[in-house]
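Trainee: I am attaching a structure below and will ask some questions about it afterwards.
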Protein chains: 2
Amino acid sequence: MKVRDGRNRIIIESVKPEIDRGRFPIKRTAGEKVVVEADIFTDGHDALSCVLLYRKDGESRRHKRPMEFLANDRWWGEFVVTELGQYRYTVQAWVDYFKSWREGLAKKFDAGQDISVDLLSGADLVEQASKRAAGADAKELRESATLLRSIGGSPDRVSLALGDELAELVARYPDRELATTYERELVVVVDRQKARFNAWYEMFPRSCMSEPGRHGTFKDCMARLPYIANMGFDVLYFPPIHPIGQTHRKGKNNDPLAKPDDPGSPWAIGSQEGGHRDLHPQLGTFEDFRLLVTKASKYGIEIAIDLAFQCTPDHPYVKEHPEWFRWRPDRTVQYAENPPKKYEDIYPFNFETEKWQELWKELKEVVLFWIDQGVRIFRVDNPHTKPFRFWEWLIGEIKKDHPEVIFLAEAFTRPKVMYQLAKLGFTQSYTYFAWRNTKLELTQYFTELVQTDVREHFRPSLWPNTPDILTEYLQMGGRPAFMARLVLAATLGASYGIYGPAFELCDNRAKEPGSEEYLDSEKYEIKNWDIEKPESLRDFVARVNQIRRENPALQGDWNLRFHPVDNEQLICYTKQTEDFSNIIVVVVNLDPHHKHSGWVELPLQTLGIDAQQPFQVHDLLSEARYLWHGNRNYVELDPRVVPAHIFRLRRRIRTERDFDYFM
Amino acid sequence: MKVRDGRNRIIIESVKPEIDRGRFPIKRTAGEKVVVEADIFTDGHDALSCVLLYRKDGESRRHKRPMEFLANDRWWGEFVVTELGQYRYTVQAWVDYFKSWREGLAKKFDAGQDISVDLLSGADLVEQASKRAAGADAKELRESATLLRSIGGSPDRVSLALGDELAELVARYPDRELATTYERELVVVVDRQKARFNAWYEMFPRSCMSEPGRHGTFKDCMARLPYIANMGFDVLYFPPIHPIGQTHRKGKNNDPLAKPDDPGSPWAIGSQEGGHRDLHPQLGTFEDFRLLVTKASKYGIEIAIDLAFQCTPDHPYVKEHPEWFRWRPDRTVQYAENPPKKYEDIYPFNFETEKWQELWKELKEVVLFWIDQGVRIFRVDNPHTKPFRFWEWLIGEIKKDHPEVIFLAEAFTRPKVMYQLAKLGFTQSYTYFAWRNTKLELTQYFTELVQTDVREHFRPSLWPNTPDILTEYLQMGGRPAFMARLVLAATLGASYGIYGPAFELCDNRAKEPGSEEYLDSEKYEIKNWDIEKPESLRDFVARVNQIRRENPALQGDWNLRFHPVDNEQLICYTKQTEDFSNIIVVVVNLDPHHKHSGWVELPLQTLGIDAQQPFQVHDLLSEARYLWHGNRNYVELDPRVVPAHIFRLRRRIRTERDFDYFM
């Protein structure tokens, strides 16, 4: 053991938030707080002072915030991050001799002991502080020291010694010679607010033509913008928009033999017409694309594209960079496989190539290219099949100059792999939400996501469906199931998305029993959706998204708490703003087939509600209002009508005799 | 982010055991296992191989142990530590191309796919392995590669490719070029077995004279050895044996004014006769002391002494090293105080002195001095009032050359401080046991100690009493309380101690109501204990210690588990050896005043007992035997007889019709 300064007496440990001992940053969005706690203690009985130190990367000066003692050697402080990029924070503490002295003096004085020598000791401490001070403060401290040393006039000396004024003045000039700073500076990555609160709409641009039989274009997408904006989405995500390969192209319903007019899967990237930096010619030109980005932004919508780092055999990379692929002994390129399944239309990159540096560099150039086209949000296809260190490097490189960029990880895989991707930099992450259907499943999963350290790095994005995932619940439950899952996604999570128009049109036809693949999946064919169908959920979706926008309680994840209902098919949870000005109570009937009723139990005190007074719950979906009393109240939900309540809880502020009025 | 080798694809995290990310070592005793687990995974679907690497400090070669996959990306391995000192361990993993290939091949072959090119790929892998091998293995691998490449004879090639023989051979020569080693080597400190399993007896040597009125000596202590050995203790711990100061000496019952013949507190160290490296003259000579150490060892007893790093005003250090103390403005030395309490007979060291290096060095010399006198166990007085870094340095320095030395931390303070002292090196630690009396308190506290990571660094030592602690429970409960607390201390913990003869003579007279101080405390006067009193618990203590020695289940802490009893005054717990050859069930009546009965519920399956067959429980305290059936059985304990059962559970191995016989 090397001892730098053996006089350093303070231990700082168990600092929170801290991920894997500072190996990874925590995440916040601009305007959010970082609440820091630490165990801080020293030997013996001396008093401590502790501060939270933080700075924005690039700033040389560290800001200081006082920390307060909680209990059991735990200290607490907080700061607000305002700018995008990285901040660093740490904790510093020192033995506070003046504070120790003052506390001891008060006890001795109260016990009637002789404190004359103690006053001289205090005078020394005050004089030392005066040497660290300047100007008027130094002068005042010097004078106080002199007064403490003066003989006689004891009551004056004692009231000076024990008074808050001197303590505050001395505290301004602490003796930090032996201060201990926590061994690490911890990093917080600050993203823009959309990283926390967003509603995605996934759409195949080739399917959004107004008349059947034509290949949709970016211009068609522009015409579709009002529809999407009316539903209230703020991110429009396109599956890959690059040229699609011909070799081993898949036909309708994933047929291994494509017909000549089959358009192929957009994820089969690369043809003679180009690769990851090119557009599928039938969608339009770069000019069209950039115009679409601009038009969308006028509707408050950002365009997100797909980063699918894989190639078809026709991708230009295969000829230009054969060293980026794995070659088999028969001199063919190793296609993707998950034995016995073969994906002969897909060549994965060989990230173990000795030319990995060139490969990484090129993939970074691809991202920068799309940033140049105005894209700031990327949905990343299957990141868990590419090396972790690659993503950490790529995201770090991009965010250096573009801290506003958002990367959503589409990894549906084992929990530790998903969390690792989040830790190393993905801004948002797909979740297991699609397969969490029962009250117990939802409660356990979301408790893990929002009440454990996971929340420091993993920002969940909730998708009831995707082009790959038509869950059994949606298949079986029909329209009520789509409504219930929409409300759950949009209120359990501040970030969610749907794959449309399949979702709002309640397309629930699976390819075969037991499969989650859509029948006639849009992945392999151009679809002509009738978005004007009267059964469409578009108005319901619009209502839910409007509720999200109007209620700040729904714009974050960490405030989610579940509450008991005496019916397993009814789930109840609340979200509220920190100041309780906005309290939302959601109740969802998880059974799409039957009406259910039950008694909901709310912790009124925790919600700031007077349990002695009735209060109003206002259903923002139906506009119905109910008067509730006490912590147990009755609900009844018929899935054939609406399977959910999204209540805004309104506190009672006057009695009925004053006129009934709720704020 | 710096990328050393971007082709390195493996993540190793959440390694256990690991304290504060490797900042502190874990602890084991010689012969114990270190079971290591880690999350290990890579991108994609490739198979991994993982090994546990370890070495004794000083060895250049690392040993390897294979790790096995558990579930959820968790891997497991173990090794045994045999020698005292430090070992280092870490984890290594690599993508196992051959394993991945073989798994894929089996699936493709089962699916009837063409595997001819796959066999060639495998041949390449086998050939690469041959280049890492030598001699006969290299030859066999080369031949296998040739066979895999041969045209025709396909069934042979496939059975070779899928056979275990080739897999095992290739596994011996793995391709570790891109292997990932966990970023840290973790340390395990290996102590001798006494660090885990011991029974301490604390005794004031000055009180062990055979006739009243005389000052006891080391020679008297020698005469007392058979008594202590018969009770079954293996550590005999003396409060400080150094010269006692005169200035501000405390009289009987801590009277601020000592009478001329008051002997003073042994913790008031230092007089004109010397300091920490000297003996109190009335106890005897160094020759006597060394003879005592030798004699004790013949009884299987080690002598432990007290390290109380503090001085009286008369200590030679005060004159020789005034810079080691804190001086007040009136040119007096700052005595110890905890306002408004003053301890004017004690000068603490000022560890913030600029001469801290000299101070540390001298204190180390004190320890080395006593090691030279044959002492290997130190009870450290109030370590929490000296700096943490000092202890970490001191213990580290001593254990470099003397890994057999044991330091017991006497810190009765806040939990985080106690755990910190254990982390930084104390071998054993006093606990809150003395104040944990109810079933809930005992269950919660010991669950924290033995079932959380705390157990990796904190070795609890359980003391029902000390010269400073006569608990209310003992004061009120009398003899049954002493018996119950003895059984709890000796069976909940593998390490425990009593302060005698006060304990076995059931001295329960407190100085005043509400105080835990003994009346006429031995700290301030010489006592003449009548150890032959018939009410003495000496035989009961001897029986309990014999049970501990004869039952290996009681010689470790980690196997402790609590079980339900339907009576809050009855506590039940088990301990068993890993192979279930020794299973102990303890039931204690916590109420010293009343007889209690209840139904004990044991998890028979976990204990390896057939729930369908009766089994015997043999009370090792009373020699009574009971036949129990199923998991719920009746117990009844009268504190006026014996307030506890210590059952050895004996499995039934024959039926009654074969003769009743239990092993």
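Starting from 1 in every chain, residues are counted up; chains themselves are A, B, ... following the order of the structure tokens, and ligands are numbered from 1 as listed.
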Produce a table with one row for each residue of chain A that has an atom at most 7 Å from any atom of chain B, each row naming the nearest atom pair and its distance in Å at one decimal; use only C-alpha atoms; arrange rows by chain and rising residue number; format as a Markdown table.
Mentor:
```
| residue | atom | partner | partner_atom | distance |
| --- | --- | --- | --- | --- |
| A:Met1 | CA | B:Trp393 | CA | 6.3 |
| A:Gly6 | CA | B:Arg389 | CA | 6.6 |
| A:Arg7 | CA | B:Glu352 | CA | 4.8 |
| A:Arg9 | CA | B:Pro387 | CA | 5.4 |
| A:Arg21 | CA | B:Arg21 | CA | 6.6 |
| A:Asp43 | CA | B:Thr385 | CA | 4.9 |
| A:Gly44 | CA | B:Thr385 | CA | 4.1 |
| A:Gly104 | CA | B:Pro339 | CA | 5.3 |
| A:Lys107 | CA | B:Pro340 | CA | 5.6 |
| A:Lys108 | CA | B:Pro340 | CA | 5.0 |
| A:Ala111 | CA | B:Pro340 | CA | 6.6 |
| A:Val117 | CA | B:Asp330 | CA | 6.6 |
| A:Leu120 | CA | B:Pro329 | CA | 6.2 |
| A:Ser121 | CA | B:Pro329 | CA | 6.0 |
| A:Arg328 | CA | B:Ser121 | CA | 6.7 |
| A:Pro329 | CA | B:Ser121 | CA | 6.0 |
| A:Asp330 | CA | B:Val117 | CA | 6.6 |
| A:Pro339 | CA | B:Gly104 | CA | 5.3 |
| A:Pro340 | CA | B:Lys108 | CA | 5.0 |
| A:Phe351 | CA | B:Arg7 | CA | 6.3 |
| A:Glu352 | CA | B:Arg7 | CA | 4.8 |
| A:Trp356 | CA | B:Gly6 | CA | 6.7 |
| A:His384 | CA | B:Asp43 | CA | 5.2 |
| A:Thr385 | CA | B:Gly44 | CA | 4.1 |
| A:Lys386 | CA | B:Asp43 | CA | 5.7 |
| A:Pro387 | CA | B:Arg9 | CA | 5.4 |
| A:Phe388 | CA | B:Arg9 | CA | 6.7 |
| A:Arg389 | CA | B:Gly6 | CA | 6.6 |
| A:Phe390 | CA | B:Gly6 | CA | 6.8 |
| A:Trp393 | CA | B:Met1 | CA | 6.3 |
```
Trainee: Can you pull out every residue within 8 Å of Leu470 (chain B), counting only C-alpha atoms, but drop anything in the same chain fewer than 2 positions away, and send it as a PyMOL selection string?
Mentor: chain B and resi 465-468+472+474-475+508+510+516-518
Trainee: Between B:Arg376, B:Lys131, B:Arg249, B:Lys400, which one has atoms that come closest to Glu344 (chain B), using only C-alpha atoms?
Mentor: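 For Glu344 (chain B), the nearest of the candidates is B:Arg249.
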Trainee: Quote the spacing between CA of Val585 (chain A) and CA of Glu636 (chain A) in Å to one decimal place.
Mentor: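 It comes out at 14.3 Å.
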Trainee: State, in Å with one decimal place, the distance from CA of Leu368 (chain B) to CA of Ile398 (chain B).
Mentor: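 That distance, rounded to one decimal, is 7.5 Å.
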Trainee: I'd like the neighbourhood of Ala199 (chain B) as a ChimeraX atom specification, where a residue qualifies if any of its atoms comes within 9 Å (using only C-alpha atoms), though same-chain residues fewer than 4 positions away should be ignored.
Mentor: /B:232-236,490,494-498,545
Trainee: Those same residues, written as a PDB file, in the first residue's frame with N, CA, C and O atoms?
Mentor:
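Just written: again.pdb:
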```
ATOM      1  N   GLY B 232     -12.334 -25.262  27.603  1.00  0.00           N
ATOM      2  CA  GLY B 232     -12.296 -25.453  26.150  1.00  0.00           C
ATOM      3  C   GLY B 232     -11.960 -24.212  25.351  1.00  0.00           C
ATOM      4  O   GLY B 232     -12.220 -24.163  24.149  1.00  0.00           O
ATOM      5  N   PHE B 233     -11.366 -23.204  25.961  1.00  0.00           N
ATOM      6  CA  PHE B 233     -10.992 -22.004  25.204  1.00  0.00           C
ATOM      7  C   PHE B 233      -9.618 -22.179  24.569  1.00  0.00           C
ATOM      8  O   PHE B 233      -8.764 -22.880  25.104  1.00  0.00           O
ATOM      9  N   ASP B 234      -9.430 -21.544  23.445  1.00  0.00           N
ATOM     10  CA  ASP B 234      -8.131 -21.684  22.774  1.00  0.00           C
ATOM     11  C   ASP B 234      -7.417 -20.342  22.566  1.00  0.00           C
ATOM     12  O   ASP B 234      -6.331 -20.309  21.990  1.00  0.00           O
ATOM     13  N   VAL B 235      -8.019 -19.258  23.018  1.00  0.00           N
ATOM     14  CA  VAL B 235      -7.326 -17.961  23.044  1.00  0.00           C
ATOM     15  C   VAL B 235      -7.537 -17.365  24.432  1.00  0.00           C
ATOM     16  O   VAL B 235      -8.675 -17.300  24.911  1.00  0.00           O
ATOM     17  N   LEU B 236      -6.448 -16.951  25.051  1.00  0.00           N
ATOM     18  CA  LEU B 236      -6.543 -16.279  26.349  1.00  0.00           C
ATOM     19  C   LEU B 236      -6.084 -14.843  26.136  1.00  0.00           C
ATOM     20  O   LEU B 236      -4.924 -14.593  25.789  1.00  0.00           O
ATOM     21  N   ALA B 490     -21.868 -19.157  20.935  1.00  0.00           N
ATOM     22  CA  ALA B 490     -20.993 -20.266  20.555  1.00  0.00           C
ATOM     23  C   ALA B 490     -21.499 -21.039  19.353  1.00  0.00           C
ATOM     24  O   ALA B 490     -20.736 -21.769  18.721  1.00  0.00           O
ATOM     25  N   ALA B 494     -18.831 -19.002  14.670  1.00  0.00           N
ATOM     26  CA  ALA B 494     -17.708 -19.921  14.837  1.00  0.00           C
ATOM     27  C   ALA B 494     -16.647 -19.276  15.726  1.00  0.00           C
ATOM     28  O   ALA B 494     -15.813 -19.969  16.307  1.00  0.00           O
ATOM     29  N   SER B 495     -16.649 -17.940  15.826  1.00  0.00           N
ATOM     30  CA  SER B 495     -15.724 -17.226  16.700  1.00  0.00           C
ATOM     31  C   SER B 495     -16.532 -16.530  17.789  1.00  0.00           C
ATOM     32  O   SER B 495     -17.467 -15.812  17.483  1.00  0.00           O
ATOM     33  N   TYR B 496     -16.143 -16.753  19.014  1.00  0.00           N
ATOM     34  CA  TYR B 496     -16.836 -16.059  20.087  1.00  0.00           C
ATOM     35  C   TYR B 496     -15.905 -15.920  21.271  1.00  0.00           C
ATOM     36  O   TYR B 496     -14.809 -16.487  21.291  1.00  0.00           O
ATOM     37  N   GLY B 497     -16.332 -15.149  22.253  1.00  0.00           N
ATOM     38  CA  GLY B 497     -15.499 -14.997  23.439  1.00  0.00           C
ATOM     39  C   GLY B 497     -16.335 -14.560  24.623  1.00  0.00           C
ATOM     40  O   GLY B 497     -17.447 -14.048  24.462  1.00  0.00           O
ATOM     41  N   ILE B 498     -15.807 -14.796  25.805  1.00  0.00           N
ATOM     42  CA  ILE B 498     -16.452 -14.287  27.016  1.00  0.00           C
ATOM     43  C   ILE B 498     -15.401 -13.577  27.861  1.00  0.00           C
ATOM     44  O   ILE B 498     -14.202 -13.848  27.737  1.00  0.00           O
ATOM     45  N   ASN B 545     -18.208 -25.855  24.484  1.00  0.00           N
ATOM     46  CA  ASN B 545     -16.982 -25.795  23.682  1.00  0.00           C
ATOM     47  C   ASN B 545     -16.591 -27.166  23.141  1.00  0.00           C
ATOM     48  O   ASN B 545     -16.073 -27.272  22.020  1.00  0.00           O
TER      49      ASN B 545
END
```
Trainee: Name all residues at most 7 Å from region 434-438 of chain B (count only C-alpha atoms; drop same-chain ones fewer than 5 positions away) and give them as a PyMOL selection string.
Mentor: chain B and resi 463-465+471
Trainee: Could you please determine the separation between CA of Lys533 (chain B) and CA of Arg485 (chain B) in Å, to one decimal place?
Mentor: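 According to the coordinates, CA of Lys533 (chain B) and CA of Arg485 (chain B) are separated by 20.3 Å.
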Trainee: I want to know what sits within 9 Å of Tyr182 (chain A), based on only C-alpha atoms, with residues of the same chain fewer than 5 positions away left out; could you give that as a ChimeraX atom specification?
Mentor: /A:11-13,15,90-93
Trainee: How about saving the chosen residues, N, CA and C atoms kept, as a CSV table (one decimal), in the first residue's frame?
Mentor:
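Output file out.csv follows:
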```csv
chain,number,residue,atom,x,y,z
A,11,ILE,N,-13.0,8.6,4.6
A,11,ILE,CA,-13.4,7.5,3.6
A,11,ILE,C,-14.6,8.0,2.9
A,12,ILE,N,-14.6,7.9,1.5
A,12,ILE,CA,-15.8,8.2,0.7
A,12,ILE,C,-16.0,6.9,-0.1
A,13,GLU,N,-17.2,6.3,0.1
A,13,GLU,CA,-17.5,5.1,-0.7
A,13,GLU,C,-19.0,5.0,-1.0
A,15,VAL,N,-20.7,5.6,-3.6
A,15,VAL,CA,-21.3,6.8,-4.2
A,15,VAL,C,-22.3,6.3,-5.2
A,90,THR,N,-18.0,14.6,-8.8
A,90,THR,CA,-17.3,13.8,-7.7
A,90,THR,C,-17.7,14.4,-6.4
A,91,VAL,N,-17.1,13.9,-5.3
A,91,VAL,CA,-17.4,14.3,-4.0
A,91,VAL,C,-16.2,14.6,-3.2
A,92,GLN,N,-16.2,15.7,-2.4
A,92,GLN,CA,-15.0,16.0,-1.6
A,92,GLN,C,-15.5,16.2,-0.1
A,93,ALA,N,-14.6,15.9,0.8
A,93,ALA,CA,-15.0,16.0,2.2
A,93,ALA,C,-13.7,16.3,3.0
```
Trainee: With only C-alpha atoms as the counted atoms, please give the residues lying no more than 10 Å from Ala229 (chain B), apart from itself and same-chain residues fewer than 5 positions off, as a PyMOL selection string.
Mentor: chain B and resi 201+224+234-236+296+298-301+542
Trainee: Based on the selection just made, write all heavy atoms of those residues as a PDB file, in the first residue's frame.
Mentor:
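Printed below is out-v1.pdb as written:
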```pdb
ATOM      1  N   TYR B 201     -11.120 -16.293  25.737  1.00  0.00           N
ATOM      2  CA  TYR B 201     -11.410 -16.071  27.154  1.00  0.00           C
ATOM      3  C   TYR B 201     -10.628 -14.829  27.550  1.00  0.00           C
ATOM      4  O   TYR B 201      -9.403 -14.791  27.461  1.00  0.00           O
ATOM      5  CB  TYR B 201     -10.966 -17.287  27.965  1.00  0.00           C
ATOM      6  CG  TYR B 201     -11.375 -17.236  29.423  1.00  0.00           C
ATOM      7  CD1 TYR B 201     -12.691 -17.472  29.797  1.00  0.00           C
ATOM      8  CD2 TYR B 201     -10.436 -16.971  30.416  1.00  0.00           C
ATOM      9  CE1 TYR B 201     -13.072 -17.432  31.144  1.00  0.00           C
ATOM     10  CE2 TYR B 201     -10.803 -16.937  31.765  1.00  0.00           C
ATOM     11  CZ  TYR B 201     -12.134 -17.169  32.117  1.00  0.00           C
ATOM     12  OH  TYR B 201     -12.505 -17.134  33.443  1.00  0.00           O
ATOM     13  N   ARG B 224      -3.639 -20.853  36.321  1.00  0.00           N
ATOM     14  CA  ARG B 224      -5.035 -20.792  35.896  1.00  0.00           C
ATOM     15  C   ARG B 224      -5.274 -21.485  34.539  1.00  0.00           C
ATOM     16  O   ARG B 224      -6.413 -21.712  34.136  1.00  0.00           O
ATOM     17  CB  ARG B 224      -5.451 -19.310  35.827  1.00  0.00           C
ATOM     18  CG  ARG B 224      -6.893 -18.986  35.528  1.00  0.00           C
ATOM     19  CD  ARG B 224      -7.872 -19.425  36.585  1.00  0.00           C
ATOM     20  NE  ARG B 224      -7.687 -18.810  37.891  1.00  0.00           N
ATOM     21  CZ  ARG B 224      -8.243 -17.657  38.282  1.00  0.00           C
ATOM     22  NH1 ARG B 224      -9.004 -16.983  37.469  1.00  0.00           N
ATOM     23  NH2 ARG B 224      -8.036 -17.193  39.491  1.00  0.00           N
ATOM     24  N   ASP B 234      -9.430 -21.544  23.445  1.00  0.00           N
ATOM     25  CA  ASP B 234      -8.131 -21.684  22.774  1.00  0.00           C
ATOM     26  C   ASP B 234      -7.417 -20.342  22.566  1.00  0.00           C
ATOM     27  O   ASP B 234      -6.331 -20.309  21.990  1.00  0.00           O
ATOM     28  CB  ASP B 234      -8.255 -22.458  21.459  1.00  0.00           C
ATOM     29  CG  ASP B 234      -9.231 -21.829  20.484  1.00  0.00           C
ATOM     30  OD1 ASP B 234      -9.711 -20.705  20.744  1.00  0.00           O
ATOM     31  OD2 ASP B 234      -9.531 -22.466  19.456  1.00  0.00           O
ATOM     32  N   VAL B 235      -8.019 -19.258  23.018  1.00  0.00           N
ATOM     33  CA  VAL B 235      -7.326 -17.961  23.044  1.00  0.00           C
ATOM     34  C   VAL B 235      -7.537 -17.365  24.432  1.00  0.00           C
ATOM     35  O   VAL B 235      -8.675 -17.300  24.911  1.00  0.00           O
ATOM     36  CB  VAL B 235      -7.875 -16.980  21.985  1.00  0.00           C
ATOM     37  CG1 VAL B 235      -7.139 -15.633  22.084  1.00  0.00           C
ATOM     38  CG2 VAL B 235      -7.734 -17.546  20.573  1.00  0.00           C
ATOM     39  N   LEU B 236      -6.448 -16.951  25.051  1.00  0.00           N
ATOM     40  CA  LEU B 236      -6.543 -16.279  26.349  1.00  0.00           C
ATOM     41  C   LEU B 236      -6.084 -14.843  26.136  1.00  0.00           C
ATOM     42  O   LEU B 236      -4.924 -14.593  25.789  1.00  0.00           O
ATOM     43  CB  LEU B 236      -5.647 -16.985  27.377  1.00  0.00           C
ATOM     44  CG  LEU B 236      -5.476 -16.269  28.730  1.00  0.00           C
ATOM     45  CD1 LEU B 236      -6.817 -16.028  29.415  1.00  0.00           C
ATOM     46  CD2 LEU B 236      -4.538 -17.074  29.640  1.00  0.00           C
ATOM     47  N   ALA B 296       1.056 -22.024  27.859  1.00  0.00           N
ATOM     48  CA  ALA B 296      -0.309 -21.962  27.326  1.00  0.00           C
ATOM     49  C   ALA B 296      -0.419 -22.800  26.057  1.00  0.00           C
ATOM     50  O   ALA B 296      -1.397 -23.535  25.858  1.00  0.00           O
ATOM     51  CB  ALA B 296      -0.695 -20.511  27.056  1.00  0.00           C
ATOM     52  N   LYS B 298       0.981 -25.385  25.305  1.00  0.00           N
ATOM     53  CA  LYS B 298       0.885 -26.819  25.611  1.00  0.00           C
ATOM     54  C   LYS B 298      -0.557 -27.213  25.927  1.00  0.00           C
ATOM     55  O   LYS B 298      -0.938 -28.358  25.771  1.00  0.00           O
ATOM     56  CB  LYS B 298       1.812 -27.162  26.777  1.00  0.00           C
ATOM     57  CG  LYS B 298       3.264 -27.124  26.311  1.00  0.00           C
ATOM     58  CD  LYS B 298       4.247 -27.633  27.310  1.00  0.00           C
ATOM     59  CE  LYS B 298       5.664 -27.464  26.730  1.00  0.00           C
ATOM     60  NZ  LYS B 298       6.635 -27.050  27.744  1.00  0.00           N
ATOM     61  N   TYR B 299      -1.327 -26.243  26.399  1.00  0.00           N
ATOM     62  CA  TYR B 299      -2.753 -26.491  26.641  1.00  0.00           C
ATOM     63  C   TYR B 299      -3.601 -26.155  25.406  1.00  0.00           C
ATOM     64  O   TYR B 299      -4.822 -26.078  25.493  1.00  0.00           O
ATOM     65  CB  TYR B 299      -3.244 -25.644  27.822  1.00  0.00           C
ATOM     66  CG  TYR B 299      -2.780 -26.140  29.174  1.00  0.00           C
ATOM     67  CD1 TYR B 299      -1.650 -25.616  29.780  1.00  0.00           C
ATOM     68  CD2 TYR B 299      -3.485 -27.153  29.829  1.00  0.00           C
ATOM     69  CE1 TYR B 299      -1.229 -26.080  31.017  1.00  0.00           C
ATOM     70  CE2 TYR B 299      -3.073 -27.616  31.068  1.00  0.00           C
ATOM     71  CZ  TYR B 299      -1.945 -27.082  31.664  1.00  0.00           C
ATOM     72  OH  TYR B 299      -1.526 -27.552  32.887  1.00  0.00           O
ATOM     73  N   GLY B 300      -2.948 -25.891  24.305  1.00  0.00           N
ATOM     74  CA  GLY B 300      -3.710 -25.538  23.104  1.00  0.00           C
ATOM     75  C   GLY B 300      -4.261 -24.128  23.171  1.00  0.00           C
ATOM     76  O   GLY B 300      -5.250 -23.794  22.524  1.00  0.00           O
ATOM     77  N   ILE B 301      -3.641 -23.294  23.983  1.00  0.00           N
ATOM     78  CA  ILE B 301      -4.131 -21.928  24.180  1.00  0.00           C
ATOM     79  C   ILE B 301      -3.098 -20.928  23.674  1.00  0.00           C
ATOM     80  O   ILE B 301      -1.903 -21.057  23.961  1.00  0.00           O
ATOM     81  CB  ILE B 301      -4.405 -21.667  25.684  1.00  0.00           C
ATOM     82  CG1 ILE B 301      -5.578 -22.544  26.161  1.00  0.00           C
ATOM     83  CG2 ILE B 301      -4.683 -20.192  25.954  1.00  0.00           C
ATOM     84  CD1 ILE B 301      -5.813 -22.485  27.656  1.00  0.00           C
ATOM     85  N   ALA B 542     -17.757 -25.703  29.304  1.00  0.00           N
ATOM     86  CA  ALA B 542     -16.888 -26.770  28.805  1.00  0.00           C
ATOM     87  C   ALA B 542     -17.648 -27.675  27.839  1.00  0.00           C
ATOM     88  O   ALA B 542     -17.145 -28.043  26.781  1.00  0.00           O
ATOM     89  CB  ALA B 542     -16.357 -27.587  29.980  1.00  0.00           C
TER      90      ALA B 542
END
```
Trainee: Which residue, A:Val617, A:Val34, A:Leu424, A:Leu408, has the smallest gap to Trp76 (chain A) when you use only C-alpha atoms?
Mentor: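 The shortest atom-to-atom distance to Trp76 (chain A) comes from A:Val34.
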Trainee: Between A:Gly493, A:Gly477, A:Pro603, A:Gly598, which has the minimum distance to Trp558 (chain A) (counting only C-alpha atoms)?
Mentor: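 Among the listed residues, A:Gly493 lies closest to Trp558 (chain A).
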Trainee: Run DSSP on the backbone and grab whatever in region 306-531 of chain A lands in strand (DSSP E or B); send it over as a PyMOL selection string.
Mentor: chain A and resi 306-307+310-311+327+333+336-338+341-343+347-348+377-381+406-410+428-430+460-462+466+469+495-499+510+518
